[in-house]
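Okay, protein35.txt is below, compact mmCIF, C-alpha atoms:
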# COMPACT_ATOMS: atom_id res chain seq x y z
CA MET Z 214 161.95 69.03 29.25
CA PRO Z 215 160.33 66.07 27.42
CA GLU Z 216 157.28 64.56 29.10
CA GLU Z 217 158.92 61.10 29.23
CA ILE Z 218 161.85 62.43 31.27
CA VAL Z 219 159.58 64.36 33.63
CA HIS Z 220 157.48 61.23 34.21
CA ALA Z 221 160.59 59.12 34.81
CA LEU Z 222 162.10 61.61 37.26
CA THR Z 223 158.81 62.03 39.13
CA HIS Z 224 158.40 58.28 39.45
CA ALA Z 225 161.98 57.85 40.68
CA LEU Z 226 161.66 60.69 43.21
CA THR Z 227 158.37 59.36 44.57
CA ASP Z 228 159.72 55.83 44.98
CA SER Z 229 162.92 57.08 46.61
CA LEU Z 230 161.10 59.28 49.12
CA LYS Z 231 158.79 56.42 50.09
CA LEU Z 232 161.82 54.31 50.98
CA LEU Z 233 163.65 56.85 53.15
CA PRO Z 234 161.76 56.01 56.41
CA PHE Z 235 162.47 52.29 55.88
CA LEU Z 236 166.14 52.96 55.24
CA PHE Z 237 166.51 55.16 58.30
CA LEU Z 238 164.83 52.62 60.59
CA VAL Z 239 167.03 49.81 59.29
CA TYR Z 240 170.26 51.79 59.70
CA PHE Z 241 169.13 52.97 63.13
CA PHE Z 242 168.59 49.34 64.16
CA ILE Z 243 172.01 48.39 62.80
CA GLU Z 244 173.62 51.29 64.66
CA LEU Z 245 171.98 50.17 67.91
CA THR Z 246 173.39 46.68 67.63
CA GLU Z 247 176.55 46.86 65.54
CA GLU Z 248 179.04 47.12 68.43
CA LYS Z 249 178.01 43.62 69.51
CA LEU Z 250 177.53 42.43 65.95
CA SER Z 251 181.02 43.53 64.97
CA ALA Z 252 182.52 41.27 67.63
CA SER Z 253 181.72 38.17 65.59
CA HIS Z 254 181.26 37.97 61.82
CA LYS Z 255 179.36 34.69 62.26
CA LEU Z 256 176.63 36.11 64.50
CA LEU Z 257 173.16 35.04 63.34
CA ARG Z 258 174.46 33.89 59.95
CA GLY Z 259 172.38 30.96 58.71
CA ASN Z 260 169.70 31.49 61.36
CA GLY Z 261 167.34 33.48 59.16
CA ALA Z 262 163.67 32.77 58.83
CA PRO Z 263 162.67 32.27 55.15
CA ALA Z 264 159.03 31.76 56.15
CA LEU Z 265 158.81 35.14 57.88
CA GLY Z 266 160.73 36.73 55.02
CA ALA Z 267 158.37 35.25 52.44
CA LEU Z 268 155.34 36.57 54.32
CA LEU Z 269 156.85 40.06 54.65
CA GLY Z 270 157.60 40.10 50.94
CA CYS Z 271 153.92 39.54 50.15
CA ILE Z 272 153.11 43.01 51.49
CA PRO Z 273 152.68 45.11 48.31
CA GLN Z 274 155.59 47.54 48.47
CA CYS Z 275 159.34 47.25 47.97
CA GLY Z 276 160.36 48.59 51.38
CA PHE Z 277 160.85 45.13 52.82
CA SER Z 278 163.18 44.03 50.03
CA VAL Z 279 165.33 47.08 50.79
CA MET Z 280 165.15 46.39 54.52
CA ILE Z 281 166.15 42.71 54.18
CA THR Z 282 169.02 43.64 51.85
CA SER Z 283 170.38 46.08 54.39
CA LEU Z 284 170.25 43.38 57.06
CA TYR Z 285 171.77 40.80 54.71
CA VAL Z 286 174.89 42.82 53.93
CA ARG Z 287 175.48 43.03 57.70
CA ARG Z 288 175.07 39.22 58.04
CA LEU Z 289 171.91 39.52 60.14
CA VAL Z 290 169.87 37.20 57.92
CA SER Z 291 170.66 34.15 55.82
CA VAL Z 292 170.92 33.89 52.04
CA GLY Z 293 167.70 31.85 51.99
CA THR Z 294 165.83 34.55 53.90
CA VAL Z 295 166.81 37.36 51.53
CA LEU Z 296 166.03 35.11 48.54
CA ALA Z 297 162.59 34.31 50.00
CA VAL Z 298 161.80 38.02 50.41
CA PHE Z 299 162.97 38.79 46.88
CA LEU Z 300 160.85 36.00 45.36
CA SER Z 301 157.67 36.86 47.26
CA THR Z 302 157.90 40.61 46.61
CA SER Z 303 155.21 41.81 44.18
CA ASP Z 304 155.86 45.54 44.41
CA GLU Z 305 153.20 47.43 42.40
CA ALA Z 306 151.36 44.36 41.07
CA ILE Z 307 148.77 43.99 43.83
CA PRO Z 308 147.53 47.63 43.80
CA ILE Z 309 147.24 47.49 40.00
CA ILE Z 310 145.17 44.28 40.06
CA LEU Z 311 143.01 45.72 42.86
CA ALA Z 312 141.95 48.42 40.40
CA HIS Z 313 140.25 45.62 38.40
CA PRO Z 314 137.58 44.07 40.68
CA ASP Z 315 136.87 41.32 38.16
CA ARG Z 316 140.48 40.10 38.56
CA TRP Z 317 140.71 40.01 42.35
CA ALA Z 318 140.86 36.20 42.31
CA ASP Z 319 144.19 36.56 40.53
CA ILE Z 320 145.64 38.27 43.59
CA VAL Z 321 145.03 35.23 45.81
CA LYS Z 322 146.44 32.88 43.19
CA LEU Z 323 149.47 35.08 42.53
CA LEU Z 324 150.36 35.58 46.19
CA ALA Z 325 149.83 31.89 47.02
CA VAL Z 326 152.09 30.70 44.18
CA LYS Z 327 154.81 33.27 44.92
CA LEU Z 328 154.70 32.39 48.63
CA ILE Z 329 155.17 28.69 47.86
CA VAL Z 330 158.04 29.43 45.47
CA ALA Z 331 159.70 31.68 48.07
CA LEU Z 332 159.40 29.09 50.83
CA ILE Z 333 160.76 26.22 48.73
CA ALA Z 334 163.67 28.23 47.31
CA GLY Z 335 164.52 29.96 50.60
CA TYR Z 336 164.69 26.81 52.70
CA ALA Z 337 166.37 24.78 49.94
CA VAL Z 338 169.16 27.35 49.59
CA ASP Z 339 169.75 27.55 53.35
CA LEU Z 340 169.65 23.77 53.72
CA PHE Z 341 171.79 22.72 50.77
CA LEU Z 342 173.84 25.78 49.77
CA GLY Z 343 173.86 28.14 52.74
CA ALA Z 344 177.31 27.18 54.03
CA LYS Z 345 178.84 27.05 50.54
CA LEU Z 346 177.71 30.44 49.18
CA PRO Z 347 180.06 33.44 49.47
CA GLN Z 348 179.12 35.60 52.43
CA PRO Z 349 178.04 39.23 51.92
CA CYS Z 350 180.98 41.02 53.57
CA CYS Z 351 184.69 40.68 52.97
CA LYS Z 352 186.59 38.66 55.56
CA LYS Z 353 188.59 40.62 58.07
CA ASP Z 354 191.47 39.69 60.31
CA GLU Z 355 189.82 38.48 63.52
CA LYS Z 356 192.45 39.86 65.88
CA GLU Z 357 192.37 43.25 64.17
CA GLU Z 358 188.58 43.22 64.26
CA GLN Z 359 188.54 42.56 67.99
CA ALA Z 360 191.15 45.21 68.71
CA HIS Z 361 189.78 47.88 66.42
CA VAL Z 362 186.04 47.51 65.91
CA LYS Z 363 184.53 49.36 63.00
CA GLY Z 364 180.90 49.90 62.23
CA CYS Z 365 178.84 50.14 59.07
CA CYS Z 366 180.71 51.81 56.15
CA SER Z 367 183.94 51.32 58.18
CA HIS Z 368 183.18 54.29 60.44
CA GLU Z 369 184.58 54.23 63.96
CA ILE Z 370 182.14 53.19 66.68
CA ALA Z 371 182.02 56.07 69.13
CA HIS Z 372 182.70 55.87 72.85
CA GLN Z 373 179.65 55.42 75.04
CA SER Z 374 179.57 59.13 75.92
CA GLN Z 375 179.22 60.06 72.25
CA ARG Z 376 177.09 57.07 71.24
CA TRP Z 377 173.80 58.98 71.17
CA LYS Z 378 175.11 61.19 68.35
CA GLU Z 379 175.93 58.22 66.13
CA LEU Z 380 172.57 56.59 66.81
CA LEU Z 381 170.95 59.40 64.85
CA LEU Z 382 173.69 61.06 62.81
CA HIS Z 383 175.19 58.06 61.02
CA PRO Z 384 171.86 56.43 60.07
CA PHE Z 385 170.67 59.82 58.78
CA LEU Z 386 173.78 60.37 56.64
CA HIS Z 387 173.72 56.77 55.40
CA THR Z 388 170.04 57.12 54.48
CA LEU Z 389 170.74 60.29 52.48
CA LYS Z 390 173.65 58.66 50.66
CA ILE Z 391 171.80 55.49 49.70
CA GLY Z 392 168.58 57.40 48.94
CA SER Z 393 170.46 59.66 46.52
CA PHE Z 394 172.08 56.68 44.82
CA LEU Z 395 168.69 54.96 44.43
CA PHE Z 396 167.10 58.09 42.98
CA VAL Z 397 169.81 58.67 40.37
CA THR Z 398 169.93 55.03 39.30
CA MET Z 399 166.16 54.63 39.16
CA ALA Z 400 165.79 57.84 37.19
CA LEU Z 401 168.23 56.58 34.55
CA LEU Z 402 166.49 53.19 34.35
CA ASN Z 403 163.05 54.78 34.17
CA ILE Z 404 164.13 57.11 31.35
CA ALA Z 405 165.50 54.13 29.42
CA LEU Z 406 162.26 52.19 29.89
CA GLU Z 407 160.17 55.19 28.86
CA TYR Z 408 162.05 55.50 25.56
CA ILE Z 409 162.15 51.77 24.81
CA GLY Z 410 158.36 51.63 24.94
CA GLU Z 411 155.81 49.04 26.01
CA GLU Z 412 155.35 47.55 22.53
CA LYS Z 413 159.03 46.68 22.09
CA ILE Z 414 159.17 45.13 25.55
CA ALA Z 415 156.02 43.10 24.83
CA SER Z 416 157.67 41.84 21.65
CA PHE Z 417 160.77 40.91 23.62
CA LEU Z 418 158.57 38.95 26.04
CA LEU Z 419 157.65 36.48 23.27
CA ALA Z 420 153.86 36.61 23.56
CA GLY Z 421 152.39 33.13 23.16
CA SER Z 422 155.75 31.36 23.43
CA ALA Z 423 156.39 28.41 25.76
CA ILE Z 424 159.59 30.08 26.97
CA GLN Z 425 157.94 33.40 27.77
CA PRO Z 426 158.70 33.01 31.53
CA LEU Z 427 162.43 33.05 30.75
CA ALA Z 428 162.16 36.46 29.06
CA ALA Z 429 159.75 37.81 31.70
CA ALA Z 430 162.22 36.90 34.47
CA VAL Z 431 164.93 38.92 32.67
CA VAL Z 432 162.67 41.99 32.60
CA GLY Z 433 161.78 41.42 36.26
CA LEU Z 434 165.44 41.65 37.25
CA ILE Z 435 165.59 45.33 36.22
CA PRO Z 436 166.02 47.02 39.63
CA THR Z 437 163.20 49.54 39.61
CA CYS Z 438 159.45 49.50 40.24
CA LEU Z 439 158.44 50.01 36.60
CA PRO Z 440 158.88 46.38 35.43
CA SER Z 441 156.26 45.16 37.92
CA VAL Z 442 153.83 47.75 36.54
CA LEU Z 443 154.59 46.76 32.95
CA LEU Z 444 154.40 43.01 33.57
CA THR Z 445 151.12 43.30 35.46
CA GLU Z 446 149.51 45.47 32.78
CA LEU Z 447 150.62 43.05 30.05
CA TYR Z 448 149.19 40.15 32.07
CA LEU Z 449 145.84 41.91 32.55
CA ALA Z 450 145.79 42.68 28.81
CA GLY Z 451 146.26 38.99 28.00
CA GLN Z 452 149.73 39.38 26.46
CA LEU Z 453 151.48 37.60 29.32
CA SER Z 454 150.67 34.13 30.68
CA PHE Z 455 150.23 33.46 34.40
CA GLY Z 456 153.49 31.52 34.47
CA ALA Z 457 155.30 34.42 32.82
CA VAL Z 458 153.92 37.05 35.20
CA VAL Z 459 154.88 34.86 38.18
CA ALA Z 460 158.41 34.53 36.77
CA GLY Z 461 158.72 38.27 36.13
CA LEU Z 462 157.29 39.40 39.46
CA SER Z 463 159.28 36.78 41.39
CA ALA Z 464 162.53 37.96 39.81
CA GLY Z 465 161.61 41.58 40.51
CA THR Z 466 162.80 42.99 43.83
CA GLY Z 467 161.95 46.65 43.37
CA MET Z 468 165.01 48.47 44.70
CA GLY Z 469 166.29 45.61 46.86
CA LEU Z 470 168.55 44.30 44.11
CA LEU Z 471 169.82 47.80 43.40
CA LEU Z 472 170.82 48.23 47.02
CA LEU Z 473 172.47 44.81 47.03
CA LEU Z 474 174.62 45.77 44.03
CA ARG Z 475 175.59 49.01 45.74
CA GLU Z 476 176.22 47.80 49.29
CA ASN Z 477 177.51 44.24 49.08
CA ARG Z 478 181.31 44.21 48.83
CA ASN Z 479 181.39 40.55 47.85
CA LYS Z 480 180.44 40.84 44.19
CA VAL Z 481 180.72 37.09 43.61
CA GLY Z 482 178.12 36.52 46.31
CA THR Z 483 175.90 39.19 44.79
CA TRP Z 484 175.99 37.62 41.33
CA MET Z 485 175.37 34.15 42.73
CA LEU Z 486 172.32 35.43 44.61
CA MET Z 487 171.07 37.07 41.41
CA ILE Z 488 171.53 33.79 39.53
CA LEU Z 489 169.61 31.91 42.24
CA LEU Z 490 166.86 34.53 42.03
CA TYR Z 491 166.58 34.27 38.25
CA VAL Z 492 166.72 30.46 38.15
CA SER Z 493 164.10 30.10 40.92
CA ALA Z 494 161.73 32.58 39.25
CA ALA Z 495 162.21 31.23 35.72
CA LEU Z 496 161.82 27.58 36.78
CA ALA Z 497 158.63 28.36 38.69
CA GLY Z 498 157.22 30.24 35.70
CA CYS Z 499 158.13 27.49 33.23
CA LEU Z 500 156.60 24.82 35.48
CA LEU Z 501 153.35 26.77 35.73
CA GLN Z 502 153.42 27.29 31.94
CA TRP Z 503 153.93 23.56 31.38
CA MET Z 504 151.08 22.73 33.80
CA GLY Z 505 148.80 25.14 31.97
CA VAL Z 506 147.96 27.11 35.12

Would you kindly transcribe this structure into structure tokens?
Amino acid sequence: MPEEIVHALTHALTDSLKLLPFLFLVYFFIELTEEKLSASHKLLRGNGAPALGALLGCIPQCGFSVMITSLYVRRLVSVGTVLAVFLSTSDEAIPIILAHPDRWADIVKLLAVKLIVALIAGYAVDLFLGAKLPQPCCKKDEKEEQAHVKGCCSHEIAHQSQRWKELLLHPFLHTLKIGSFLFVTMALLNIALEYIGEEKIASFLLAGSAIQPLAAAVVGLIPTCLPSVLLTELYLAGQLSFGAVVAGLSAGTGMGLLLLLRENRNKVGTWMLMILLYVSAALAGCLLQWMGV
């Protein structure tokens, strides 16, 4: 088997395994609460906390973007909250920069800028667009929902005597299903990136161009951890401006976006959230580029 494919598969397997505990805990939490949550599709919608989400996203790993996506598709957090987490997520960037002690100051600057962008975009979306954006789940008939409550993935919520089985069994099965989907998709994306090559991607990113943040944000949207590695390495090598790396890393969500595409039934809402993510990241990058930061 070619070395590129082995590397891509290994990377995808490692990233998928790291996410399994997060996925299980999220689905376990949902299972604990979904009988009450299913009683009203408006419960907690719009009451998210973009500030807390932005702070969680600053932690250098993509588990929180996956966690917030899982909560979002169940209407437990607002659009602004999930957008704030996505924008503040840096994935592999921080550990890579930490390996260069002479660049540690960049970490503070990067996190501070991404946190500000996440806060502004998150609260702005909730304040001005929150009620107008399509909601994550399809609407159901309210009378039918009250008479025949279904849980996550449309499974029947068990009677109280059997509830303990579902508290463990369904989250476990759901975790395996989503984990397998993430592994297969990431492996395919990683193989594609391995064969495209760093030089071609650097050329695509328009080194030295004033619109470099626009291209970097496109690369950042690729739902896998590799773009954050690539963008950070290009930035450290001087081929990517600070504005461009902010745009790329802000648009990057690790596997959060991948899970959103898989789990959210409302595809219009998914694409609108992706557009908001790209526009917020690209605008922030272009502004920084224009300011010469």

* To do: Rank nothing, just name the residue among Z:Gly293, Z:Leu230, Z:His313, Z:Cys438 nearest to Gly467 of chain Z, using all atoms listed in the file.
  => Z:Cys438

* To do: Determine the nearest neighbour of Leu490 of chain Z from the options Z:Leu381, Z:Val295, Z:Ala405, Z:Ala312, counting all atoms listed in the file.
  =>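 Residue with the minimum atom-to-atom distance to Leu490 of chain Z: Z:Val295.
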
* Write out as a VMD selection string each polymer residue whose atoms come within 9 Å of Ala497 of chain Z, counting all atoms listed in the file; drop sequence neighbours fewer than 4 positions from it. => chain Z and resid 326 to 327 330 426 456 459 to 460 463 492 to 493 501 to 502

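Non-sequential neighbours of segment 304-307 of chain Z (distance at most 9 Å, separation of 3 or more positions within a chain, only C-alpha atoms) are Gly270, Cys271, Ile272, Pro273, Gln274, Cys275, Gly276, Ile310, Leu311, Ala312, Ile320, Leu324, Cys438, Leu439, Ser441, Val442, Leu444, Thr445, Glu446, Leu462, Gly465, Thr466 and Gly467 of chain Z.
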
Can you write just those residues out, C-alpha atoms, as a short mmCIF file (atom, residue, chain, number, x, y, z; two decimals), in the frame of the given file?
data_model
loop_
_atom_site.label_atom_id
_atom_site.label_comp_id
_atom_site.auth_asym_id
_atom_site.auth_seq_id
_atom_site.Cartn_x
_atom_site.Cartn_y
_atom_site.Cartn_z
CA GLY Z 270 157.60 40.10 50.94
CA CYS Z 271 153.92 39.54 50.15
CA ILE Z 272 153.11 43.01 51.49
CA PRO Z 273 152.68 45.11 48.31
CA GLN Z 274 155.59 47.54 48.47
CA CYS Z 275 159.34 47.25 47.97
CA GLY Z 276 160.36 48.59 51.38
CA ILE Z 310 145.17 44.28 40.06
CA LEU Z 311 143.01 45.72 42.86
CA ALA Z 312 141.95 48.42 40.40
CA ILE Z 320 145.64 38.27 43.59
CA LEU Z 324 150.36 35.58 46.19
CA CYS Z 438 159.45 49.50 40.24
CA LEU Z 439 158.44 50.01 36.60
CA SER Z 441 156.26 45.16 37.92
CA VAL Z 442 153.83 47.75 36.54
CA LEU Z 444 154.40 43.01 33.57
CA THR Z 445 151.12 43.30 35.46
CA GLU Z 446 149.51 45.47 32.78
CA LEU Z 462 157.29 39.40 39.46
CA GLY Z 465 161.61 41.58 40.51
CA THR Z 466 162.80 42.99 43.83
CA GLY Z 467 161.95 46.65 43.37
#

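Between atom CA of Asn403 of chain Z and atom CA of Lys480 of chain Z lies a distance of 24.4 Å.
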
* Asked: How far is it from atom CA of Ala494 of chain Z to atom CA of Ala430 of chain Z, in Å with one decimal?
  -> 6.5 Å

* To do: Measuring atom to atom with only C-alpha atoms, identify which of Z:Tyr408, Z:Phe277, Z:Phe341, Z:Tyr336 is nearest to His220 of chain Z.
  =>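 Closest residue, counting only C-alpha atoms: Z:Tyr408.
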
Build an axis-aligned box that encloses every atom of segment 435-439 of chain Z listed in the file, pad it by 5 Å on each side, and report its centre and edge lengths in Å to one decimal, as JSON.
{"center_x": 162.2, "center_y": 47.7, "center_z": 38.2, "size_x": 17.6, "size_y": 14.7, "size_z": 14.0}

* To do: Kindly give the distance, in Å, that separates atom CA of Leu496 of chain Z and atom CA of Phe455 of chain Z, rounded to a single decimal.
  =>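 These two atoms are separated by 13.2 Å.
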
* To do: Return the single residue from Z:Gln452, Z:Phe394, Z:Leu486, Z:Arg475 that is closest to Phe417 of chain Z, with distances computed using all atoms listed in the file.
  =>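 Distance minimum relative to Phe417 of chain Z lands on Z:Gln452.
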
Hey, could you patch up segment 297-331 of chain Z with N, CA and C atoms and hand it over as a PDB file, keeping the file's coordinate frame?
ATOM      1  N   ALA Z 297     164.034  34.489  49.801  1.00  0.00           N
ATOM      2  CA  ALA Z 297     162.590  34.310  50.000  1.00  0.00           C
ATOM      3  C   ALA Z 297     161.849  35.638  49.901  1.00  0.00           C
ATOM      4  N   VAL Z 298     162.425  36.691  50.494  1.00  0.00           N
ATOM      5  CA  VAL Z 298     161.800  38.020  50.410  1.00  0.00           C
ATOM      6  C   VAL Z 298     161.773  38.498  48.970  1.00  0.00           C
ATOM      7  N   PHE Z 299     162.892  38.356  48.278  1.00  0.00           N
ATOM      8  CA  PHE Z 299     162.970  38.790  46.880  1.00  0.00           C
ATOM      9  C   PHE Z 299     161.910  38.085  46.027  1.00  0.00           C
ATOM     10  N   LEU Z 300     161.777  36.782  46.196  1.00  0.00           N
ATOM     11  CA  LEU Z 300     160.850  36.000  45.360  1.00  0.00           C
ATOM     12  C   LEU Z 300     159.385  36.309  45.662  1.00  0.00           C
ATOM     13  N   SER Z 301     159.078  36.614  46.909  1.00  0.00           N
ATOM     14  CA  SER Z 301     157.670  36.860  47.260  1.00  0.00           C
ATOM     15  C   SER Z 301     157.249  38.302  47.025  1.00  0.00           C
ATOM     16  N   THR Z 302     158.232  39.202  46.826  1.00  0.00           N
ATOM     17  CA  THR Z 302     157.900  40.610  46.610  1.00  0.00           C
ATOM     18  C   THR Z 302     157.132  40.804  45.303  1.00  0.00           C
ATOM     19  N   SER Z 303     156.024  41.540  45.376  1.00  0.00           N
ATOM     20  CA  SER Z 303     155.210  41.810  44.180  1.00  0.00           C
ATOM     21  C   SER Z 303     155.181  43.272  43.807  1.00  0.00           C
ATOM     22  N   ASP Z 304     155.710  44.116  44.698  1.00  0.00           N
ATOM     23  CA  ASP Z 304     155.860  45.540  44.410  1.00  0.00           C
ATOM     24  C   ASP Z 304     154.518  46.179  44.034  1.00  0.00           C
ATOM     25  N   GLU Z 305     154.393  46.691  42.796  1.00  0.00           N
ATOM     26  CA  GLU Z 305     153.200  47.430  42.400  1.00  0.00           C
ATOM     27  C   GLU Z 305     152.084  46.541  41.853  1.00  0.00           C
ATOM     28  N   ALA Z 306     152.326  45.246  41.739  1.00  0.00           N
ATOM     29  CA  ALA Z 306     151.360  44.360  41.070  1.00  0.00           C
ATOM     30  C   ALA Z 306     150.014  44.306  41.775  1.00  0.00           C
ATOM     31  N   ILE Z 307     150.025  44.166  43.086  1.00  0.00           N
ATOM     32  CA  ILE Z 307     148.770  43.990  43.830  1.00  0.00           C
ATOM     33  C   ILE Z 307     147.870  45.229  43.719  1.00  0.00           C
ATOM     34  N   PRO Z 308     148.400  46.456  43.962  1.00  0.00           N
ATOM     35  CA  PRO Z 308     147.530  47.630  43.800  1.00  0.00           C
ATOM     36  C   PRO Z 308     146.953  47.762  42.394  1.00  0.00           C
ATOM     37  N   ILE Z 309     147.731  47.393  41.380  1.00  0.00           N
ATOM     38  CA  ILE Z 309     147.240  47.490  40.000  1.00  0.00           C
ATOM     39  C   ILE Z 309     146.092  46.511  39.766  1.00  0.00           C
ATOM     40  N   ILE Z 310     146.243  45.281  40.236  1.00  0.00           N
ATOM     41  CA  ILE Z 310     145.170  44.280  40.060  1.00  0.00           C
ATOM     42  C   ILE Z 310     143.939  44.668  40.877  1.00  0.00           C
ATOM     43  N   LEU Z 311     144.146  45.284  42.037  1.00  0.00           N
ATOM     44  CA  LEU Z 311     143.010  45.720  42.860  1.00  0.00           C
ATOM     45  C   LEU Z 311     142.133  46.730  42.130  1.00  0.00           C
ATOM     46  N   ALA Z 312     142.726  47.438  41.185  1.00  0.00           N
ATOM     47  CA  ALA Z 312     141.950  48.420  40.400  1.00  0.00           C
ATOM     48  C   ALA Z 312     141.034  47.732  39.403  1.00  0.00           C
ATOM     49  N   HIS Z 313     141.116  46.393  39.301  1.00  0.00           N
ATOM     50  CA  HIS Z 313     140.250  45.620  38.400  1.00  0.00           C
ATOM     51  C   HIS Z 313     139.483  44.598  39.241  1.00  0.00           C
ATOM     52  N   PRO Z 314     138.328  44.969  39.785  1.00  0.00           N
ATOM     53  CA  PRO Z 314     137.580  44.070  40.680  1.00  0.00           C
ATOM     54  C   PRO Z 314     137.297  42.691  40.093  1.00  0.00           C
ATOM     55  N   ASP Z 315     137.152  42.616  38.779  1.00  0.00           N
ATOM     56  CA  ASP Z 315     136.870  41.320  38.160  1.00  0.00           C
ATOM     57  C   ASP Z 315     138.085  40.396  38.164  1.00  0.00           C
ATOM     58  N   ARG Z 316     139.262  40.906  38.548  1.00  0.00           N
ATOM     59  CA  ARG Z 316     140.480  40.100  38.560  1.00  0.00           C
ATOM     60  C   ARG Z 316     141.021  39.865  39.971  1.00  0.00           C
ATOM     61  N   TRP Z 317     140.212  40.143  40.983  1.00  0.00           N
ATOM     62  CA  TRP Z 317     140.710  40.010  42.350  1.00  0.00           C
ATOM     63  C   TRP Z 317     141.112  38.570  42.684  1.00  0.00           C
ATOM     64  N   ALA Z 318     140.491  37.601  42.060  1.00  0.00           N
ATOM     65  CA  ALA Z 318     140.860  36.200  42.310  1.00  0.00           C
ATOM     66  C   ALA Z 318     142.316  35.950  41.922  1.00  0.00           C
ATOM     67  N   ASP Z 319     142.803  36.720  40.948  1.00  0.00           N
ATOM     68  CA  ASP Z 319     144.190  36.560  40.530  1.00  0.00           C
ATOM     69  C   ASP Z 319     145.171  36.931  41.636  1.00  0.00           C
ATOM     70  N   ILE Z 320     144.757  37.843  42.506  1.00  0.00           N
ATOM     71  CA  ILE Z 320     145.640  38.270  43.590  1.00  0.00           C
ATOM     72  C   ILE Z 320     145.929  37.101  44.526  1.00  0.00           C
ATOM     73  N   VAL Z 321     144.866  36.378  44.911  1.00  0.00           N
ATOM     74  CA  VAL Z 321     145.030  35.230  45.810  1.00  0.00           C
ATOM     75  C   VAL Z 321     145.921  34.178  45.158  1.00  0.00           C
ATOM     76  N   LYS Z 322     145.653  33.889  43.897  1.00  0.00           N
ATOM     77  CA  LYS Z 322     146.440  32.880  43.190  1.00  0.00           C
ATOM     78  C   LYS Z 322     147.905  33.314  43.058  1.00  0.00           C
ATOM     79  N   LEU Z 323     148.113  34.567  42.724  1.00  0.00           N
ATOM     80  CA  LEU Z 323     149.470  35.080  42.530  1.00  0.00           C
ATOM     81  C   LEU Z 323     150.268  35.045  43.833  1.00  0.00           C
ATOM     82  N   LEU Z 324     149.668  35.552  44.914  1.00  0.00           N
ATOM     83  CA  LEU Z 324     150.360  35.580  46.190  1.00  0.00           C
ATOM     84  C   LEU Z 324     150.637  34.168  46.714  1.00  0.00           C
ATOM     85  N   ALA Z 325     149.662  33.268  46.541  1.00  0.00           N
ATOM     86  CA  ALA Z 325     149.830  31.890  47.020  1.00  0.00           C
ATOM     87  C   ALA Z 325     150.980  31.198  46.297  1.00  0.00           C
ATOM     88  N   VAL Z 326     151.026  31.348  44.965  1.00  0.00           N
ATOM     89  CA  VAL Z 326     152.090  30.700  44.180  1.00  0.00           C
ATOM     90  C   VAL Z 326     153.444  31.289  44.535  1.00  0.00           C
ATOM     91  N   LYS Z 327     153.526  32.628  44.621  1.00  0.00           N
ATOM     92  CA  LYS Z 327     154.810  33.270  44.920  1.00  0.00           C
ATOM     93  C   LYS Z 327     155.277  32.920  46.338  1.00  0.00           C
ATOM     94  N   LEU Z 328     154.349  32.778  47.264  1.00  0.00           N
ATOM     95  CA  LEU Z 328     154.700  32.390  48.630  1.00  0.00           C
ATOM     96  C   LEU Z 328     155.289  30.984  48.658  1.00  0.00           C
ATOM     97  N   ILE Z 329     154.666  30.074  47.928  1.00  0.00           N
ATOM     98  CA  ILE Z 329     155.170  28.690  47.860  1.00  0.00           C
ATOM     99  C   ILE Z 329     156.566  28.648  47.238  1.00  0.00           C
ATOM    100  N   VAL Z 330     156.735  29.375  46.135  1.00  0.00           N
ATOM    101  CA  VAL Z 330     158.040  29.430  45.470  1.00  0.00           C
ATOM    102  C   VAL Z 330     159.104  29.983  46.417  1.00  0.00           C
ATOM    103  N   ALA Z 331     158.756  31.059  47.142  1.00  0.00           N
ATOM    104  CA  ALA Z 331     159.700  31.680  48.070  1.00  0.00           C
ATOM    105  C   ALA Z 331     160.092  30.739  49.196  1.00  0.00           C
TER     106      ALA Z 331
END
